[in-house]
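Student: My structure file work_24.txt, compact mmCIF, C-alpha atoms and all ligand atoms, is below:
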# COMPACT_ATOMS: atom_id res chain seq x y z
CA MET A 1070 22.69 27.54 128.87
CA VAL A 1071 23.46 27.71 132.58
CA LEU A 1072 27.17 27.96 133.40
CA VAL A 1073 28.09 27.08 136.99
CA VAL A 1074 31.65 27.88 137.98
CA VAL A 1075 32.31 25.81 141.08
CA GLY A 1076 36.04 26.36 141.51
CA VAL A 1077 38.88 23.91 141.87
CA ARG A 1078 39.63 21.62 144.79
CA PRO A 1079 42.99 19.81 144.92
CA ASP A 1080 42.70 16.02 144.80
CA THR A 1081 45.22 15.08 147.47
CA ASP A 1082 43.84 11.95 149.16
CA LEU A 1083 46.68 9.69 148.00
CA LEU A 1084 49.48 12.02 149.11
CA VAL A 1085 47.79 12.96 152.38
CA ALA A 1086 47.27 9.30 153.19
CA ALA A 1087 50.99 8.83 152.58
CA GLY A 1088 51.78 11.56 155.09
CA ALA A 1089 52.15 14.71 152.96
CA GLN A 1090 51.45 18.09 154.56
CA THR A 1091 48.79 20.41 153.13
CA GLY A 1092 48.81 24.20 152.84
CA PRO A 1093 46.64 26.87 151.19
CA ARG A 1094 43.25 25.53 150.02
CA GLY A 1095 44.28 22.02 151.08
CA ALA A 1096 46.97 21.68 148.39
CA VAL A 1097 50.00 19.53 149.15
CA VAL A 1098 53.02 21.48 150.36
CA VAL A 1099 56.08 21.17 148.13
CA ASP A 1100 59.37 23.05 148.14
CA GLU A 1101 60.73 24.83 145.06
CA THR A 1102 62.08 21.58 143.67
CA MET A 1103 58.53 20.13 143.94
CA ALA A 1104 59.64 17.74 146.67
CA THR A 1105 56.78 16.75 148.98
CA GLY A 1106 58.99 15.86 151.94
CA LEU A 1107 58.06 12.20 151.50
CA PRO A 1108 61.01 10.07 150.41
CA HIS A 1109 61.36 9.98 146.59
CA VAL A 1110 58.02 11.75 145.99
CA TRP A 1111 57.78 14.92 143.91
CA ALA A 1112 54.41 16.39 142.94
CA ALA A 1113 53.18 19.02 140.49
CA GLY A 1114 50.01 20.59 139.15
CA ASP A 1115 46.60 21.33 140.58
CA CYS A 1116 47.22 19.14 143.64
CA VAL A 1117 50.12 21.21 145.06
CA VAL A 1118 50.84 24.70 146.31
CA THR A 1119 52.65 27.24 144.13
CA HIS A 1120 55.66 29.36 145.08
CA HIS A 1121 54.47 32.70 143.77
CA ARG A 1122 57.01 35.41 142.98
CA LEU A 1123 54.96 38.04 144.80
CA LEU A 1124 52.57 36.14 147.05
CA GLY A 1125 54.87 33.48 148.45
CA VAL A 1126 53.24 30.10 148.99
CA THR A 1127 49.77 30.11 147.48
CA TYR A 1128 47.38 27.96 145.45
CA LEU A 1129 47.43 28.64 141.71
CA PRO A 1130 45.79 25.83 139.74
CA LEU A 1131 46.75 26.78 136.17
CA GLY A 1132 48.02 24.85 133.20
CA THR A 1133 50.98 27.18 132.72
CA THR A 1134 51.98 26.59 136.33
CA ALA A 1135 51.40 22.85 136.13
CA HIS A 1136 53.65 22.54 133.05
CA LYS A 1137 56.56 24.34 134.70
CA GLN A 1138 56.14 22.44 137.96
CA GLY A 1139 56.01 19.16 136.06
CA ARG A 1140 59.26 19.91 134.29
CA VAL A 1141 60.99 20.83 137.53
CA ALA A 1142 59.71 17.71 139.29
CA GLY A 1143 60.57 15.45 136.36
CA GLU A 1144 64.04 16.84 135.84
CA LYS A 1145 64.78 16.74 139.53
CA ARG A 1146 63.72 13.11 139.66
CA ALA A 1147 65.50 12.14 136.44
CA ARG A 1148 68.82 13.77 137.20
CA ARG A 1149 69.01 12.09 140.56
CA THR A 1150 68.16 8.54 139.69
CA CYS A 1151 67.19 8.11 136.05
CA PRO A 1152 69.00 5.05 134.73
CA LEU A 1153 68.25 6.04 131.16
CA ARG A 1154 70.93 8.70 130.92
CA ARG A 1155 73.62 6.53 129.47
CA GLN A 1156 71.86 3.46 128.28
CA SER A 1157 68.50 4.30 126.80
CA ARG A 1158 67.52 3.46 123.28
CA HIS A 1159 65.55 6.31 121.77
CA ALA A 1160 63.67 5.67 118.53
CA GLY A 1161 60.76 7.14 116.66
CA GLY A 1162 59.05 6.26 113.38
CA GLN A 1163 55.91 6.59 111.33
CA VAL A 1164 53.73 3.82 109.87
CA PHE A 1165 51.02 5.27 107.61
CA ASP A 1166 49.17 7.68 109.93
CA LEU A 1167 50.57 6.28 113.15
CA VAL A 1168 53.69 7.53 114.90
CA ALA A 1169 55.51 5.35 117.41
CA ALA A 1170 58.37 6.23 119.73
CA ARG A 1171 60.28 4.44 122.42
CA THR A 1172 63.05 4.92 124.91
CA GLY A 1173 64.82 2.51 127.21
CA LEU A 1174 63.73 -1.11 127.61
CA ARG A 1175 60.46 -2.81 126.72
CA GLU A 1176 58.99 -5.13 129.32
CA HIS A 1177 60.32 -8.36 127.82
CA GLU A 1178 63.73 -6.79 127.28
CA ALA A 1179 63.81 -5.67 130.91
CA ARG A 1180 62.88 -9.16 132.10
CA ALA A 1181 65.55 -10.72 129.90
CA ALA A 1182 68.08 -8.30 131.37
CA GLY A 1183 67.32 -9.49 134.90
CA PHE A 1184 64.95 -6.78 136.05
CA VAL A 1185 61.53 -7.42 137.59
CA PRO A 1186 59.46 -5.20 135.32
CA ALA A 1187 56.18 -3.54 136.25
CA THR A 1188 54.39 -1.85 133.38
CA SER A 1189 51.63 0.73 133.46
CA ALA A 1190 49.57 1.69 130.41
CA ALA A 1191 47.56 4.87 129.88
CA ARG A 1192 45.75 6.50 126.98
CA PRO A 1193 45.64 10.24 127.67
CA ASP A 1194 44.73 12.84 125.06
CA ASP A 1195 47.47 14.75 123.23
CA HIS A 1196 45.93 18.01 124.44
CA LYS A 1197 43.08 19.15 126.64
CA ALA A 1198 39.82 17.53 125.55
CA TYR A 1199 37.94 20.79 125.94
CA TYR A 1200 39.78 22.05 122.86
CA PRO A 1201 38.61 20.45 119.59
CA GLY A 1202 40.57 17.70 117.89
CA ALA A 1203 42.11 15.95 120.89
CA GLN A 1204 43.46 12.51 119.98
CA PRO A 1205 44.63 9.72 122.27
CA ILE A 1206 48.24 8.64 122.67
CA SER A 1207 48.82 5.13 124.02
CA ILE A 1208 51.66 5.15 126.53
CA ARG A 1209 53.35 2.28 128.34
CA VAL A 1210 55.92 2.96 131.03
CA THR A 1211 58.03 0.20 132.53
CA GLY A 1212 59.91 0.34 135.81
CA ASP A 1213 61.70 -2.17 138.00
CA ALA A 1214 59.40 -3.42 140.76
CA HIS A 1215 62.28 -4.06 143.15
CA THR A 1216 64.18 -0.79 142.89
CA GLY A 1217 61.64 1.64 141.41
CA ARG A 1218 64.05 2.49 138.58
CA LEU A 1219 62.47 3.83 135.42
CA LEU A 1220 63.43 1.45 132.63
CA GLY A 1221 61.61 2.53 129.49
CA ALA A 1222 58.53 3.88 127.75
CA GLN A 1223 56.73 3.46 124.44
CA LEU A 1224 54.18 5.74 122.80
CA ILE A 1225 51.86 5.36 119.81
CA GLY A 1226 49.65 8.15 118.52
CA ALA A 1227 48.17 9.55 115.34
CA ARG A 1228 50.26 11.74 113.08
CA GLY A 1229 50.01 15.30 114.38
CA THR A 1230 49.99 14.34 118.05
CA GLU A 1231 53.74 15.00 118.31
CA THR A 1232 54.15 11.55 119.79
CA ALA A 1233 57.79 11.31 118.76
CA LYS A 1234 58.65 14.61 120.43
CA ARG A 1235 57.46 13.69 123.88
CA TRP A 1236 60.68 12.21 125.13
CA THR A 1237 63.85 14.21 125.61
CA PRO A 1238 67.10 12.55 124.59
CA MET A 1239 69.49 12.40 127.51
CA PRO A 1240 72.88 14.10 127.06
CA PRO A 1241 75.71 11.89 125.77
CA PRO A 1242 77.72 10.05 128.44
CA SER A 1243 80.64 12.45 128.16
CA SER A 1244 78.50 15.35 129.40
CA THR A 1245 76.72 13.51 132.21
CA ALA A 1246 79.58 12.92 134.61
C1 LIG A 1301 37.66 24.71 131.25
C2 LIG A 1301 39.06 24.96 131.73
C3 LIG A 1301 39.82 25.96 131.16
C4 LIG A 1301 41.12 26.20 131.58
N1 LIG A 1301 41.85 27.18 130.98
C5 LIG A 1301 43.12 27.41 131.37
C6 LIG A 1301 43.90 28.41 130.72
O1 LIG A 1301 43.45 29.10 129.80
N2 LIG A 1301 45.17 28.60 131.15
C7 LIG A 1301 45.71 27.85 132.15
O2 LIG A 1301 46.88 28.07 132.47
N3 LIG A 1301 45.00 26.89 132.78
C8 LIG A 1301 43.72 26.65 132.42
N4 LIG A 1301 42.98 25.68 133.05
C9 LIG A 1301 43.58 24.95 134.16
C10 LIG A 1301 44.44 23.79 133.68
O3 LIG A 1301 43.72 22.97 132.79
C11 LIG A 1301 44.89 22.97 134.90
O4 LIG A 1301 45.48 23.82 135.87
C12 LIG A 1301 45.92 21.93 134.52
O5 LIG A 1301 45.39 21.08 133.52
C13 LIG A 1301 46.32 21.10 135.75
O6 LIG A 1301 47.20 20.11 135.34
P1 LIG A 1301 47.37 18.78 136.20
O7 LIG A 1301 48.37 17.98 135.46
O8 LIG A 1301 47.62 19.13 137.62
O9 LIG A 1301 45.95 18.07 136.19
P2 LIG A 1301 45.02 17.52 134.92
O10 LIG A 1301 45.40 18.30 133.71
O11 LIG A 1301 43.69 17.56 135.47
O12 LIG A 1301 45.62 16.08 134.76
C14 LIG A 1301 45.33 15.05 135.68
C15 LIG A 1301 45.30 13.75 134.88
O13 LIG A 1301 45.26 12.67 135.80
C16 LIG A 1301 44.34 11.72 135.31
N5 LIG A 1301 43.91 10.92 136.46
C17 LIG A 1301 43.05 11.26 137.44
N6 LIG A 1301 42.93 10.26 138.31
C18 LIG A 1301 43.73 9.27 137.87
C19 LIG A 1301 44.04 7.96 138.35
N7 LIG A 1301 43.51 7.48 139.46
N8 LIG A 1301 44.91 7.22 137.65
C20 LIG A 1301 45.48 7.69 136.51
N9 LIG A 1301 45.23 8.91 136.01
C21 LIG A 1301 44.36 9.69 136.69
C22 LIG A 1301 43.24 12.55 134.67
O14 LIG A 1301 42.52 11.79 133.74
C23 LIG A 1301 44.06 13.64 133.99
O15 LIG A 1301 44.48 13.27 132.69
C24 LIG A 1301 41.67 25.43 132.64
C25 LIG A 1301 40.89 24.41 133.21
C26 LIG A 1301 39.61 24.18 132.77
C27 LIG A 1301 38.82 23.06 133.40
Would you mind writing the file out in structure tokens?
Tutor:
Amino acid sequence: MVLVVVGVRPDTDLLVAAGAQTGPRGAVVVDETMATGLPHVWAAGDCVVTHHRLLGVTYLPLGTTAHKQGRVAGEKRARRTCPLRRQSRHAGGQVFDLVAARTGLREHEARAAGFVPATSAARPDDHKAYYPGAQPISIRVTGDAHTGRLLGAQLIGARGTETAKRWTPMPPPSSTA
């Protein structure tokens, strides 16, 4: 076996084309809230710089870092604009060996409610494929094409993929003022 370790290069073409600035190793510059400086765009993971406790702004493409950055970016985004806080419909259930979960509106429900839905589907693995036993989870996310509001998401995956645990219930209305 020949093992060639070629390193990691951030894939930033999309953000750079949109006007984002790059820093160490060509990674996209973000602040500590993962904001890119572009309106309404937060970024996380191997494509962005890391604010290191000791080194300052550096490039640290690690899964542990990516997870934390993703949470910060997601929460920042959700708390500012997420319309699901008071109105989403969370549900999860199991049918034989399949687990399904949903939150918010499905596409036809969004259309019936007067939105202009745009839906994106993906089928990522439940964990890194380089570890054995990875299984796909089918995910559909619907937003409003006019406003960019996130409207809902549905997931289906095999039992054991923790499909039903991948959404976080929003706090009740009384605590979201
Ligand atoms: C062999 C190996 C071992 C590692 N071990 C560790 C470790 O022990 N500890 C650690 O902390 N880190 C480890 N890492 C690093 C870690 O995996 C990455 O830092 C982390 O996965 C980066 O997360 P990310 O979300 O930025 O990118 P990724 O995890 O690469 O996710 C990017 C996703 O975007 C998808 N995608 C790409 N293009 C498109 C497109 N056009 N449209 C839609 N989707 C697209 C890809 O399919 C992929 O699912 C390891 C990496 C490798 C390769």
Student: Taking only C-alpha atoms and all ligand atoms into account, report as a PDB file with C-alpha atoms, in the coordinates of the input which residues have an atom no farther than 8 Å from an atom of ligand LIG 1301 (chain A).
Tutor:
ATOM      1  CA  ALA A1113      53.180  19.020 140.490  1.00  0.00           C
ATOM      2  CA  GLY A1114      50.010  20.590 139.150  1.00  0.00           C
ATOM      3  CA  ASP A1115      46.600  21.330 140.580  1.00  0.00           C
ATOM      4  CA  CYS A1116      47.220  19.140 143.640  1.00  0.00           C
ATOM      5  CA  LEU A1129      47.430  28.640 141.710  1.00  0.00           C
ATOM      6  CA  PRO A1130      45.790  25.830 139.740  1.00  0.00           C
ATOM      7  CA  LEU A1131      46.750  26.780 136.170  1.00  0.00           C
ATOM      8  CA  GLY A1132      48.020  24.850 133.200  1.00  0.00           C
ATOM      9  CA  THR A1133      50.980  27.180 132.720  1.00  0.00           C
ATOM     10  CA  THR A1134      51.980  26.590 136.330  1.00  0.00           C
ATOM     11  CA  ALA A1135      51.400  22.850 136.130  1.00  0.00           C
ATOM     12  CA  HIS A1136      53.650  22.540 133.050  1.00  0.00           C
ATOM     13  CA  GLY A1139      56.010  19.160 136.060  1.00  0.00           C
ATOM     14  CA  ALA A1191      47.560   4.870 129.880  1.00  0.00           C
ATOM     15  CA  PRO A1193      45.640  10.240 127.670  1.00  0.00           C
ATOM     16  CA  ASP A1194      44.730  12.840 125.060  1.00  0.00           C
ATOM     17  CA  LYS A1197      43.080  19.150 126.640  1.00  0.00           C
ATOM     18  CA  TYR A1199      37.940  20.790 125.940  1.00  0.00           C
TER      19      TYR A1199
END
Student: Restricting the calculation to only C-alpha atoms, which member of A:Arg1228, A:Arg1235, A:Arg1148, A:Arg1180 is positioned closest to Phe1165 of chain A?
Tutor: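 Among the listed residues, A:Arg1228 lies closest to Phe1165 of chain A.
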Student: Using only C-alpha atoms - which residues lie no farther than 12 Å from the point (56.3, 30.7, 150.9) in the file's frame? Write them as a PyMOL selection string.
Tutor: chain A and resi 1092-1093+1098-1101+1118-1128
Student: Can you measure atom CA of Val1168 of chain A to atom CA of Thr1211 of chain A for me? One decimal in Å is fine.
Tutor: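 These two atoms are separated by 19.6 Å.
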Student: Quick one: residues within 12 Å of Gly1106 of chain A, only C-alpha atoms counted, chain neighbours fewer than 5 positions away excluded, as a count of residues only?
Tutor: 14
Student: From the list A:Tyr1200, A:Val1210, A:Thr1216, A:Thr1172, which residue is nearest Phe1184 of chain A when using all atoms listed in the file?
Tutor: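 For Phe1184 of chain A, the nearest of the given residues is A:Thr1216.
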Student: So which one's closest to Lys1234 of chain A, A:Arg1146, A:Ala1190, A:Asp1195, A:Arg1094? Using only C-alpha atoms, please.
Tutor: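 Between A:Arg1146, A:Ala1190, A:Asp1195, A:Arg1094, the residue approaching Lys1234 of chain A most closely is A:Asp1195.
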Student: Quick one, how far is atom CA of His1109 of chain A from atom CA of Arg1140 of chain A?
Tutor: 15.9 Å
Student: Between atom CA of Glu1231 of chain A and atom CA of Ala1142 of chain A, what distance in Å does the model show, to one decimal?
Tutor: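 Separation between atom CA of Glu1231 of chain A and atom CA of Ala1142 of chain A: 22.0 Å.
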Student: Go through A:Gly1161, A:Ala1086, A:Ala1104, A:Arg1078 and flag the residue nearest Gly1143 of chain A, using only C-alpha atoms for the distances.
Tutor: A:Ala1104
Student: Which residue gives the smallest distance to Gly1229 of chain A among A:Val1075, A:Ala1203, A:Ala1179, A:Leu1174, with all atoms listed in the file counted?
Tutor: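 Looking at the shortest contact to Gly1229 of chain A, the residue is A:Ala1203.
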Student: For Ser1207 of chain A, which residue out of A:Gly1183, A:Gly1162, A:Gly1226, A:Gly1173 is the nearest one, using all atoms listed in the file?
Tutor: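 Of all the options, A:Gly1226 lies closest to Ser1207 of chain A.
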Student: Which polymer residues have any atom within 9 Å of an atom of Arg1171 of chain A, counting all atoms listed in the file, with same-chain residues fewer than 2 positions away left out, as an MDAnalysis selection string?
Tutor: chainID A and resid 1158:1161 1169 1173:1175 1221:1225 1233 1236
Student: Using the block above, I'd like segment 1177-1189 of chain A written out, keeping all heavy atoms and formatting it as a tab-separated table (two decimals), in the first residue's frame.
Tutor:
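Output saved as decode_0.tsv:
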chain	number	residue	atom	x	y	z
A	1177	HIS	N	-45.99	21.19	-0.18
A	1177	HIS	CA	-47.37	21.50	-0.57
A	1177	HIS	C	-48.09	22.30	0.51
A	1177	HIS	O	-48.98	23.10	0.22
A	1177	HIS	CB	-48.12	20.21	-0.92
A	1177	HIS	CG	-48.39	19.31	0.24
A	1177	HIS	ND1	-47.46	18.43	0.74
A	1177	HIS	CD2	-49.50	19.18	1.03
A	1177	HIS	CE1	-47.99	17.78	1.77
A	1177	HIS	NE2	-49.21	18.21	1.97
A	1178	GLU	N	-47.71	22.09	1.77
A	1178	GLU	CA	-48.32	22.87	2.84
A	1178	GLU	C	-47.87	24.33	2.75
A	1178	GLU	O	-48.66	25.25	2.99
A	1178	GLU	CB	-47.90	22.28	4.19
A	1178	GLU	CG	-48.47	20.88	4.43
A	1178	GLU	CD	-47.82	20.20	5.62
A	1178	GLU	OE1	-46.70	20.58	6.00
A	1178	GLU	OE2	-48.44	19.27	6.16
A	1179	ALA	N	-46.59	24.52	2.41
A	1179	ALA	CA	-46.08	25.89	2.28
A	1179	ALA	C	-46.78	26.61	1.14
A	1179	ALA	O	-47.16	27.78	1.26
A	1179	ALA	CB	-44.57	25.84	2.04
A	1180	ARG	N	-46.96	25.89	0.02
A	1180	ARG	CA	-47.63	26.51	-1.14
A	1180	ARG	C	-49.07	26.88	-0.77
A	1180	ARG	O	-49.54	27.98	-1.07
A	1180	ARG	CB	-47.60	25.56	-2.33
A	1180	ARG	CG	-48.11	26.19	-3.62
A	1180	ARG	CD	-47.92	25.30	-4.83
A	1180	ARG	NE	-46.52	25.11	-5.19
A	1180	ARG	CZ	-45.84	23.99	-5.02
A	1180	ARG	NH1	-46.44	22.92	-4.52
A	1180	ARG	NH2	-44.58	23.90	-5.35
A	1181	ALA	N	-49.74	25.96	-0.08
A	1181	ALA	CA	-51.13	26.22	0.31
A	1181	ALA	C	-51.22	27.41	1.27
A	1181	ALA	O	-52.24	28.09	1.32
A	1181	ALA	CB	-51.72	24.98	0.96
A	1182	ALA	N	-50.15	27.65	2.01
A	1182	ALA	CA	-50.16	28.75	2.98
A	1182	ALA	C	-49.74	30.06	2.35
A	1182	ALA	O	-49.60	31.07	3.05
A	1182	ALA	CB	-49.25	28.41	4.15
A	1183	GLY	N	-49.48	30.05	1.03
A	1183	GLY	CA	-49.19	31.31	0.35
A	1183	GLY	C	-47.73	31.59	0.13
A	1183	GLY	O	-47.37	32.65	-0.37
A	1184	PHE	N	-46.86	30.66	0.53
A	1184	PHE	CA	-45.43	30.84	0.28
A	1184	PHE	C	-45.11	30.41	-1.15
A	1184	PHE	O	-45.92	29.78	-1.83
A	1184	PHE	CB	-44.61	30.00	1.26
A	1184	PHE	CG	-44.73	30.45	2.69
A	1184	PHE	CD1	-45.57	29.79	3.57
A	1184	PHE	CD2	-44.00	31.54	3.14
A	1184	PHE	CE1	-45.68	30.21	4.89
A	1184	PHE	CE2	-44.10	31.96	4.46
A	1184	PHE	CZ	-44.95	31.29	5.33
A	1185	VAL	N	-43.89	30.73	-1.59
A	1185	VAL	CA	-43.40	30.25	-2.88
A	1185	VAL	C	-42.25	29.30	-2.55
A	1185	VAL	O	-41.08	29.69	-2.45
A	1185	VAL	CB	-42.90	31.42	-3.76
A	1185	VAL	CG1	-42.44	30.89	-5.11
A	1185	VAL	CG2	-43.99	32.45	-3.92
A	1186	PRO	N	-42.57	28.01	-2.34
A	1186	PRO	CA	-41.55	27.12	-1.79
A	1186	PRO	C	-40.48	26.70	-2.81
A	1186	PRO	O	-40.77	26.51	-3.99
A	1186	PRO	CB	-42.37	25.90	-1.35
A	1186	PRO	CG	-43.59	25.93	-2.18
A	1186	PRO	CD	-43.87	27.36	-2.50
A	1187	ALA	N	-39.27	26.60	-2.30
A	1187	ALA	CA	-38.16	26.01	-3.07
A	1187	ALA	C	-37.60	24.90	-2.19
A	1187	ALA	O	-37.31	25.13	-1.01
A	1187	ALA	CB	-37.10	27.05	-3.36
A	1188	THR	N	-37.50	23.71	-2.75
A	1188	THR	CA	-37.10	22.56	-1.95
A	1188	THR	C	-35.81	21.96	-2.48
A	1188	THR	O	-35.63	21.81	-3.69
A	1188	THR	CB	-38.20	21.49	-1.95
A	1188	THR	OG1	-39.36	22.05	-1.34
A	1188	THR	CG2	-37.79	20.25	-1.16
A	1189	SER	N	-34.92	21.62	-1.56
A	1189	SER	CA	-33.66	20.99	-1.94
A	1189	SER	C	-33.58	19.64	-1.24
A	1189	SER	O	-33.90	19.52	-0.06
A	1189	SER	CB	-32.49	21.88	-1.50
A	1189	SER	OG	-31.27	21.25	-1.77
